[in-house]
file input_25.tsv (TSV, C-alpha atoms)
chain	number	residue	atom	x	y	z
A	20	MET	CA	113.84	79.92	114.99
A	21	SER	CA	115.25	78.07	112.00
A	22	LEU	CA	112.03	76.04	111.88
A	23	THR	CA	110.17	79.24	110.98
A	24	GLY	CA	112.37	79.73	107.92
A	25	ALA	CA	114.63	82.39	109.45
A	26	SER	CA	117.94	82.80	107.67
A	27	HIS	CA	121.42	82.55	109.14
A	28	THR	CA	121.64	86.34	109.03
A	29	THR	CA	118.37	86.76	110.95
A	30	VAL	CA	119.35	84.26	113.64
A	31	SER	CA	122.75	85.91	114.02
A	32	ALA	CA	121.10	89.32	114.34
A	33	HIS	CA	118.84	88.05	117.13
A	34	LEU	CA	121.83	86.57	118.93
A	35	ALA	CA	123.67	89.87	118.59
A	36	GLY	CA	120.69	91.63	120.16
A	37	LEU	CA	120.67	89.20	123.07
A	38	ARG	CA	124.41	89.71	123.53
A	39	HIS	CA	123.95	93.50	123.57
A	40	TRP	CA	121.18	93.19	126.18
A	41	HIS	CA	123.42	91.09	128.44
A	42	ILE	CA	126.26	93.59	128.12
A	43	ALA	CA	123.94	96.54	128.83
A	44	LYS	CA	122.63	94.79	131.96
A	45	GLY	CA	126.10	93.80	133.11
A	46	GLN	CA	125.29	90.12	132.78
A	47	PRO	CA	127.66	87.42	131.50
A	48	TRP	CA	127.14	86.28	127.92
A	49	HIS	CA	127.40	82.56	127.24
A	50	GLY	CA	126.36	82.60	123.61
A	51	ARG	CA	129.74	81.86	122.05
A	52	THR	CA	129.69	78.13	122.66
A	53	GLU	CA	130.61	75.34	120.30
A	54	ARG	CA	127.01	74.12	120.31
A	55	ILE	CA	125.69	77.50	119.14
A	56	ARG	CA	128.42	77.77	116.52
A	57	LEU	CA	127.46	74.37	115.11
A	58	ALA	CA	123.76	75.30	115.22
A	59	LEU	CA	124.42	78.48	113.23
A	60	ARG	CA	126.44	76.49	110.74
A	61	ALA	CA	123.56	74.05	110.34
A	62	VAL	CA	121.10	76.91	109.79
A	63	ALA	CA	123.37	78.38	107.12
A	64	LYS	CA	123.44	75.07	105.25
A	65	SER	CA	119.78	74.18	105.70
A	66	PRO	CA	117.60	74.51	102.58
A	67	ARG	CA	115.07	77.28	102.93
A	68	PRO	CA	111.60	77.25	101.41
A	69	PRO	CA	111.35	79.64	98.47
A	70	ARG	CA	109.87	83.01	99.26
A	71	PRO	CA	106.57	83.84	97.62
A	72	SER	CA	107.01	86.13	94.66
A	73	ARG	CA	106.91	89.81	95.60
A	74	LEU	CA	105.24	91.51	92.68
A	75	PRO	CA	105.87	95.13	91.69
A	76	ILE	CA	102.96	97.56	91.69
A	77	THR	CA	103.37	99.65	88.56
A	78	VAL	CA	101.55	102.78	87.40
A	79	PRO	CA	98.74	100.94	85.56
A	80	LEU	CA	98.09	98.93	88.72
A	81	LEU	CA	98.01	102.14	90.75
A	82	LEU	CA	95.32	103.48	88.45
A	83	ARG	CA	93.37	100.22	88.62
A	84	LEU	CA	93.47	100.37	92.41
A	85	ARG	CA	92.28	103.98	92.32
A	86	ARG	CA	89.26	103.02	90.23
A	87	ARG	CA	88.40	100.18	92.61
A	88	LEU	CA	88.70	102.40	95.68
A	89	ARG	CA	86.40	104.99	94.12
A	90	ARG	CA	83.73	102.38	93.40
A	91	GLU	CA	83.76	100.61	96.76
A	92	PRO	CA	81.50	101.74	99.65
A	93	LEU	CA	84.40	102.73	101.90
A	94	PRO	CA	84.35	105.54	104.45
A	95	ALA	CA	85.66	108.65	102.71
A	96	THR	CA	88.50	109.00	105.21
A	97	ASP	CA	89.67	105.42	104.65
A	98	ARG	CA	89.51	105.82	100.87
A	99	ARG	CA	91.58	109.00	100.95
A	100	ALA	CA	94.01	107.51	103.46
A	101	ALA	CA	94.53	104.41	101.30
A	102	TRP	CA	95.16	106.38	98.11
A	103	ALA	CA	97.47	108.86	99.82
A	104	ALA	CA	99.43	106.03	101.48
A	105	VAL	CA	99.75	104.13	98.19
A	106	THR	CA	100.94	107.08	96.09
A	107	LEU	CA	103.28	108.26	98.84
A	108	GLY	CA	104.76	104.79	99.26
A	109	PHE	CA	105.23	104.35	95.51
A	110	PHE	CA	106.77	107.66	94.49
A	111	GLY	CA	108.71	107.95	97.74
A	112	ALA	CA	110.01	104.36	97.40
A	113	LEU	CA	109.18	103.98	101.08
A	114	ARG	CA	109.36	100.98	103.33
A	115	GLY	CA	106.03	100.42	105.06
A	116	SER	CA	107.67	100.75	108.47
A	117	GLU	CA	108.93	104.22	107.57
A	118	TYR	CA	105.55	105.91	107.25
A	119	LEU	CA	102.89	103.58	108.70
A	120	ALA	CA	102.18	103.08	112.40
A	121	PRO	CA	103.57	99.99	114.19
A	122	GLY	CA	100.15	99.20	115.67
A	123	THR	CA	96.50	100.18	115.28
A	124	ALA	CA	96.47	101.80	118.73
A	125	ARG	CA	100.13	102.46	119.52
A	126	TYR	CA	103.04	104.43	118.11
A	127	SER	CA	106.33	106.02	119.06
A	128	ARG	CA	106.59	109.80	118.92
A	129	ARG	CA	110.30	109.39	118.31
A	130	ARG	CA	110.23	106.80	115.50
A	131	THR	CA	106.74	106.92	113.94
A	132	CYS	CA	105.95	109.23	111.02
A	133	LEU	CA	103.43	111.79	112.31
A	134	ARG	CA	101.12	114.33	110.70
A	135	LYS	CA	103.47	117.15	111.65
A	136	HIS	CA	106.18	115.51	109.55
A	137	VAL	CA	104.37	116.43	106.30
A	138	THR	CA	104.86	119.81	104.63
A	139	LEU	CA	102.76	120.71	101.59
A	140	LYS	CA	103.62	123.46	99.14
A	141	THR	CA	102.06	124.45	95.84
A	142	ASP	CA	104.36	122.25	93.79
A	143	SER	CA	105.87	119.77	96.25
A	144	LEU	CA	105.39	117.51	99.24
A	145	THR	CA	108.10	117.01	101.84
A	146	LEU	CA	107.97	114.11	104.27
A	147	HIS	CA	110.32	113.81	107.21
A	148	LEU	CA	111.16	110.22	108.12
A	149	PRO	CA	112.16	110.18	111.80
A	150	ALA	CA	113.57	106.65	111.53
A	151	SER	CA	114.26	103.97	108.96
A	152	LYS	CA	115.89	100.59	108.53
A	153	THR	CA	119.21	102.02	107.36
A	154	ASP	CA	119.25	105.03	109.70
A	155	GLN	CA	121.28	103.66	112.58
A	156	THR	CA	122.06	107.09	114.07
A	157	GLY	CA	118.45	108.30	114.24
A	158	ARG	CA	119.12	111.48	112.25
A	159	GLY	CA	116.07	111.00	110.04
A	160	ALA	CA	115.67	111.90	106.38
A	161	ASP	CA	113.58	114.29	104.29
A	162	ILE	CA	111.83	113.03	101.15
A	163	THR	CA	110.59	115.68	98.69
A	164	LEU	CA	108.19	114.72	95.89
A	165	PRO	CA	107.08	117.02	93.06
A	166	ARG	CA	103.55	117.68	91.94
A	167	LEU	CA	102.72	115.31	89.10
A	168	GLU	CA	100.28	115.50	86.22
A	169	GLY	CA	97.58	112.86	86.14
A	170	PRO	CA	95.62	111.17	88.94
A	171	ALA	CA	98.52	109.36	90.64
A	172	CYS	CA	99.89	112.50	92.27
A	173	PRO	CA	101.03	112.05	95.88
A	174	LEU	CA	100.75	115.79	96.57
A	175	ARG	CA	97.08	116.02	95.60
A	176	ALA	CA	96.26	112.72	97.31
A	177	MET	CA	97.91	113.87	100.53
A	178	ARG	CA	96.24	117.28	100.39
A	179	ALA	CA	92.80	115.66	100.04
A	180	TYR	CA	93.45	113.26	102.92
A	181	LEU	CA	94.82	115.92	105.29
A	182	ALA	CA	91.92	118.24	104.51
A	183	SER	CA	89.43	115.51	105.45
A	184	THR	CA	91.21	114.89	108.77
A	185	SER	CA	92.12	118.47	109.64
A	186	HIS	CA	90.64	118.06	113.13
A	187	LEU	CA	93.47	115.72	114.14
A	188	PRO	CA	96.52	117.08	116.00
A	189	GLY	CA	99.99	117.00	114.51
A	190	HIS	CA	101.44	114.57	117.05
A	191	VAL	CA	99.39	111.53	115.94
A	192	PRO	CA	100.45	109.04	113.23
A	193	LEU	CA	100.21	110.31	109.69
A	194	PHE	CA	97.36	108.02	108.62
A	195	VAL	CA	94.34	107.68	110.90
A	196	LEU	CA	91.24	105.79	109.74
A	197	GLU	CA	87.56	106.62	110.21
A	198	SER	CA	87.41	104.26	113.21
A	199	GLY	CA	90.24	106.10	114.93
A	200	SER	CA	92.69	103.25	114.33
A	201	TYR	CA	96.12	103.97	112.93
A	202	ALA	CA	96.97	102.70	109.45
A	203	THR	CA	99.49	99.86	109.63
A	204	ILE	CA	101.33	97.59	107.20
A	205	PRO	CA	98.77	94.76	107.67
A	206	TRP	CA	95.96	97.25	106.96
A	207	LEU	CA	97.50	98.42	103.68
A	208	ASN	CA	98.34	94.84	102.71
A	209	GLY	CA	94.66	94.07	103.28
A	210	VAL	CA	93.71	96.88	100.90
A	211	PHE	CA	95.86	95.26	98.22
A	212	ARG	CA	94.41	91.80	98.84
A	213	ARG	CA	90.85	93.05	98.59
A	214	TYR	CA	91.05	95.62	95.81
A	215	LEU	CA	94.07	94.49	93.79
A	216	PRO	CA	93.93	90.66	93.70
A	217	SER	CA	96.44	88.86	91.52
A	218	PRO	CA	96.65	85.15	90.61
A	219	ALA	CA	100.43	85.45	90.23
A	220	GLY	CA	101.07	86.36	93.85
A	221	ARG	CA	100.25	88.82	96.55
A	222	PHE	CA	100.96	92.50	96.57
A	223	SER	CA	102.26	94.13	99.73
A	224	THR	CA	103.57	97.49	100.86
A	225	HIS	CA	106.98	96.40	99.58
A	226	SER	CA	105.46	96.02	96.11
A	227	LEU	CA	105.29	99.82	95.98
A	228	ARG	CA	109.03	100.08	96.57
A	229	ILE	CA	109.74	97.36	94.01
A	230	GLY	CA	107.42	99.07	91.55
A	231	PHE	CA	109.21	102.39	91.90
A	232	ALA	CA	112.61	100.81	91.24
A	233	THR	CA	111.20	99.01	88.20
A	234	ALA	CA	109.50	102.10	86.77
A	235	ALA	CA	112.47	104.38	87.46
A	236	ALA	CA	114.84	101.99	85.70
A	237	ALA	CA	112.44	101.73	82.77
A	238	ALA	CA	112.28	105.52	82.55
A	239	GLY	CA	116.05	105.67	82.18
A	240	ALA	CA	116.94	106.88	85.68
A	241	THR	CA	120.55	106.25	86.62
A	242	ASP	CA	121.52	103.79	89.32
A	243	ASN	CA	122.66	106.66	91.53
A	244	THR	CA	119.29	108.38	91.18
A	245	ILE	CA	117.36	105.21	92.03
A	246	ARG	CA	119.68	104.44	94.93
A	247	ALA	CA	119.32	107.94	96.39
A	248	SER	CA	115.54	108.05	95.88
A	249	GLY	CA	114.96	104.81	97.75
A	250	ARG	CA	117.83	105.26	100.21
A	251	TRP	CA	119.29	101.94	99.10
A	252	GLN	CA	122.81	101.00	100.07
A	253	GLY	CA	125.25	99.65	97.52
A	254	SER	CA	123.56	97.79	94.67
A	255	SER	CA	120.74	96.27	96.73
A	256	HIS	CA	118.15	98.09	94.59
A	257	VAL	CA	119.12	96.04	91.52
A	258	ARG	CA	117.27	92.94	92.72
A	259	TYR	CA	114.00	94.91	92.80
A	260	ILE	CA	114.05	95.88	89.13
A	261	GLN	CA	111.60	93.49	87.49
A	262	GLY	CA	109.68	93.14	84.27
A	263	PRO	CA	110.27	94.24	80.68
A	264	ARG	CA	111.71	97.74	80.85
A	265	ARG	CA	110.02	98.82	77.63
A	266	ASP	CA	106.55	97.85	78.89
A	267	VAL	CA	106.96	99.64	82.21
A	268	TRP	CA	108.33	102.73	80.47
A	269	HIS	CA	105.26	102.93	78.24
A	270	ALA	CA	103.09	102.41	81.31
A	271	CYS	CA	104.69	105.44	82.96
A	272	LEU	CA	104.08	107.54	79.85
A	273	ALA	CA	100.44	106.44	79.87
A	274	VAL	CA	99.67	108.08	83.24
A	275	ASN	CA	98.47	111.36	81.75
A	276	ALA	CA	96.55	109.61	78.96
A	277	THR	CA	94.54	107.60	81.49
A	278	SER	CA	94.01	110.44	83.97
A	279	GLY	CA	90.38	110.88	83.03
A	280	ARG	CA	89.36	107.25	83.33

call {"tool": "encode", "arguments": {"input": "input_25.tsv", "output": "structure tokens"}}
result
Amino acid sequence: MSLTGASHTTVSAHLAGLRHWHIAKGQPWHGRTERIRLALRAVAKSPRPPRPSRLPITVPLLLRLRRRLRREPLPATDRRAAWAAVTLGFFGALRGSEYLAPGTARYSRRRTCLRKHVTLKTDSLTLHLPASKTDQTGRGADITLPRLEGPACPLRAMRAYLASTSHLPGHVPLFVLESGSYATIPWLNGVFRRYLPSPAGRFSTHSLRIGFATAAAAAGATDNTIRASGRWQGSSHVRYIQGPRRDVWHACLAVNATSGR
């Protein structure tokens, strides 16, 4: 596993999972040997290749992506699904795994975000997350977003997408494409690669989360507000705040000014 670039923490987590499986099955666990201890120590000291830069998607980039999506000959359902997924992921500071399906033809009714988990009101959107990375008890969480002025409004984007797929039942994944496939993290990453190319690095679903933290900090939001909005623990959100704060702040203010473009 270390040959794939996995960290000491990742390897230890996999070993912990194997240990739990053995205990659950009533089988003896032989993973606490001197050889494994030395192997973990070697992994911890091994140099790791640098991670590719994870770029933030900011408001101007959201608007650029919107213009590209409107020009491309995409199925209307896919275009609306992409824009709704992008705005929801950005303003909700969501992890891709929290609201996108785990596979194009499979999902879990207990852990996957479904259509029935969205509630739209005149001035707000509420999304229930049945499971997340930091939700170890499975209680879920509710994310409420306000209606925003300008084109990058998650409420209007979601309303347009749901209206175009109103024939679908509530127990299927939230985002379903024209082909009937479920929208996944690789699918949305592909949207970024095709319609938002960047020579500095690749955008991904996590770029939306990074972009929110960056824009919120630039707008003067407190650490507690950013932490609560993204459901970050401790100060882990700090490493996501990138870029000149003044530039991002002006970009946020420019949303309404560019709404007609």

call {"tool": "atom_distance", "arguments": {"input": "input_25.tsv", "atom1": "CA of Leu227 in chain A", "atom2": "CA of Ala112 in chain A"}}
result
6.7 Å

call {"tool": "residues_around", "arguments": {"input": "input_25.tsv", "residues": "Met177 in chain A", "least_positions_apart": "6", "cutoff": "12 Å", "atoms": "all atoms listed in the file", "output": "VMD selection string"}}
result
chain A and resid 96 98 to 108 134 137 to 140 143 to 146 164 166 171 183 to 185 193 to 194

call {"tool": "closest_residue", "arguments": {"input": "input_25.tsv", "among": "A:Lys152, A:Arg83, A:Arg54, A:Arg60", "to": "Glu117 in chain A", "atoms": "all atoms listed in the file"}}
result
A:Lys152

call {"tool": "closest_residue", "arguments": {"input": "input_25.tsv", "among": "A:Ala32, A:Ala43, A:Ile76, A:Ile204", "to": "Ser116 in chain A", "atoms": "all atoms listed in the file"}}
result
A:Ile204

call {"tool": "residues_around", "arguments": {"input": "input_25.tsv", "residues": "Thr77 in chain A", "least_positions_apart": "4", "cutoff": "7 Å", "atoms": "all atoms listed in the file", "output": "PDB file with C-alpha atoms, in the coordinates of the input"}}
result
ATOM      1  CA  LEU A  81      98.010 102.140  90.750  1.00  0.00           C
ATOM      2  CA  GLY A 230     107.420  99.070  91.550  1.00  0.00           C
ATOM      3  CA  ALA A 234     109.500 102.100  86.770  1.00  0.00           C
TER       4      ALA A 234
END

call {"tool": "residues_around", "arguments": {"input": "input_25.tsv", "residues": "range 122-133 of chain A", "least_positions_apart": "5", "cutoff": "7 Å", "atoms": "only C-alpha atoms", "output": "MDAnalysis selection string"}}
result
chainID A and resid 117 148:150 189:193 200:203

call {"tool": "closest_residue", "arguments": {"input": "input_25.tsv", "among": "A:His33, A:Leu196, A:Ala237, A:Ala247", "to": "Ala120 in chain A", "atoms": "all atoms listed in the file"}}
result
A:Leu196

call {"tool": "atom_distance", "arguments": {"input": "input_25.tsv", "atom1": "CA of Leu37 in chain A", "atom2": "CA of Glu53 in chain A"}}
result
17.3 Å

call {"tool": "closest_residue", "arguments": {"input": "input_25.tsv", "among": "A:Gly45, A:Arg73, A:Pro94, A:Ser151", "to": "Arg114 in chain A", "atoms": "all atoms listed in the file"}}
result
A:Ser151

call {"tool": "closest_residue", "arguments": {"input": "input_25.tsv", "among": "A:His39, A:Ser223, A:Glu168, A:Tyr214", "to": "Arg89 in chain A", "atoms": "only C-alpha atoms"}}
result
A:Tyr214

call {"tool": "atom_distance", "arguments": {"input": "input_25.tsv", "atom1": "CA of Gly199 in chain A", "atom2": "CA of Leu187 in chain A"}}
result
10.2 Å

call {"tool": "residues_around", "arguments": {"input": "input_25.tsv", "residues": "Asn208 in chain A", "least_positions_apart": "5", "cutoff": "10 Å", "atoms": "all atoms listed in the file", "output": "number ranges by chain"}}
result
A: 115, 203, 213, 215, 221-226

call {"tool": "decode", "arguments": {"input": "input_25.tsv", "residues": "range 25-123 of chain A", "atoms": "C-alpha atoms", "output": "tab-separated table (two decimals), in the first residue's frame"}}
result
chain	number	residue	atom	x	y	z
A	25	ALA	CA	-0.64	5.99	1.05
A	26	SER	CA	0.28	7.78	4.26
A	27	HIS	CA	1.03	6.25	7.64
A	28	THR	CA	-2.42	7.37	8.80
A	29	THR	CA	-4.15	5.67	5.85
A	30	VAL	CA	-2.27	2.40	6.32
A	31	SER	CA	-3.04	2.44	10.05
A	32	ALA	CA	-6.72	3.05	9.32
A	33	HIS	CA	-6.85	0.06	6.98
A	34	LEU	CA	-5.18	-2.11	9.60
A	35	ALA	CA	-7.69	-0.92	12.18
A	36	GLY	CA	-10.50	-1.92	9.83
A	37	LEU	CA	-9.01	-5.38	9.38
A	38	ARG	CA	-8.65	-5.73	13.15
A	39	HIS	CA	-12.30	-4.74	13.65
A	40	TRP	CA	-13.40	-7.31	11.04
A	41	HIS	CA	-11.47	-10.07	12.81
A	42	ILE	CA	-12.99	-9.13	16.17
A	43	ALA	CA	-16.51	-8.99	14.70
A	44	LYS	CA	-16.03	-12.46	13.18
A	45	GLY	CA	-14.54	-13.88	16.36
A	46	GLN	CA	-11.23	-14.54	14.64
A	47	PRO	CA	-7.78	-14.06	16.18
A	48	TRP	CA	-5.91	-10.91	15.19
A	49	HIS	CA	-2.20	-11.25	14.47
A	50	GLY	CA	-1.55	-7.74	13.27
A	51	ARG	CA	0.41	-6.47	16.26
A	52	THR	CA	3.70	-8.06	15.32
A	53	GLU	CA	7.16	-6.54	15.37
A	54	ARG	CA	7.37	-6.84	11.59
A	55	ILE	CA	4.20	-4.79	11.08
A	56	ARG	CA	5.33	-2.22	13.64
A	57	LEU	CA	8.61	-1.77	11.78
A	58	ALA	CA	6.78	-1.58	8.45
A	59	LEU	CA	4.51	1.18	9.76
A	60	ARG	CA	7.52	3.02	11.07
A	61	ALA	CA	9.17	2.79	7.66
A	62	VAL	CA	6.02	4.12	5.96
A	63	ALA	CA	5.93	7.05	8.37
A	64	LYS	CA	9.52	7.97	7.51
A	65	SER	CA	9.30	7.34	3.77
A	66	PRO	CA	9.25	10.46	1.56
A	67	ARG	CA	5.93	10.89	-0.17
A	68	PRO	CA	5.48	12.39	-3.62
A	69	PRO	CA	3.96	15.87	-3.43
A	70	ARG	CA	0.23	16.02	-3.97
A	71	PRO	CA	-0.96	17.87	-7.06
A	72	SER	CA	-2.19	21.33	-6.23
A	73	ARG	CA	-5.89	21.41	-5.35
A	74	LEU	CA	-7.14	24.70	-6.71
A	75	PRO	CA	-10.08	26.61	-5.25
A	76	ILE	CA	-13.08	27.30	-7.46
A	77	THR	CA	-14.11	30.87	-6.72
A	78	VAL	CA	-17.18	32.85	-7.77
A	79	PRO	CA	-15.70	34.16	-11.06
A	80	LEU	CA	-14.83	30.58	-12.00
A	81	LEU	CA	-18.37	29.49	-11.16
A	82	LEU	CA	-19.70	32.10	-13.56
A	83	ARG	CA	-17.21	31.09	-16.25
A	84	LEU	CA	-18.32	27.48	-15.90
A	85	ARG	CA	-21.96	28.55	-16.15
A	86	ARG	CA	-21.29	30.34	-19.43
A	87	ARG	CA	-19.49	27.29	-20.83
A	88	LEU	CA	-22.28	24.93	-19.81
A	89	ARG	CA	-24.87	27.14	-21.48
A	90	ARG	CA	-22.94	27.17	-24.76
A	91	GLU	CA	-22.17	23.46	-24.97
A	92	PRO	CA	-24.55	21.00	-26.71
A	93	LEU	CA	-25.32	19.07	-23.53
A	94	PRO	CA	-28.62	17.37	-22.72
A	95	ALA	CA	-30.72	19.86	-20.78
A	96	THR	CA	-30.98	17.51	-17.81
A	97	ASP	CA	-27.20	17.08	-17.60
A	98	ARG	CA	-26.62	20.83	-17.87
A	99	ARG	CA	-29.07	21.59	-15.08
A	100	ALA	CA	-27.72	18.73	-12.95
A	101	ALA	CA	-24.14	19.98	-13.35
A	102	TRP	CA	-24.97	23.58	-12.44
A	103	ALA	CA	-27.14	22.56	-9.48
A	104	ALA	CA	-24.44	20.19	-8.20
A	105	VAL	CA	-21.73	22.84	-8.55
A	106	THR	CA	-23.62	25.64	-6.79
A	107	LEU	CA	-24.84	23.28	-4.07
A	108	GLY	CA	-21.34	21.92	-3.49
A	109	PHE	CA	-19.83	25.41	-3.36
A	110	PHE	CA	-22.25	27.27	-1.10
A	111	GLY	CA	-22.87	24.19	1.03
A	112	ALA	CA	-19.11	23.54	1.37
A	113	LEU	CA	-19.94	19.91	0.69
A	114	ARG	CA	-17.69	16.93	0.24
A	115	GLY	CA	-18.47	15.15	-3.01
A	116	SER	CA	-19.25	11.94	-1.15
A	117	GLU	CA	-21.92	13.72	0.89
A	118	TYR	CA	-24.27	14.52	-1.98
A	119	LEU	CA	-23.17	12.53	-5.05
A	120	ALA	CA	-23.86	8.84	-5.64
A	121	PRO	CA	-21.10	6.27	-4.97
A	122	GLY	CA	-21.62	4.68	-8.39
A	123	THR	CA	-23.36	5.35	-11.69
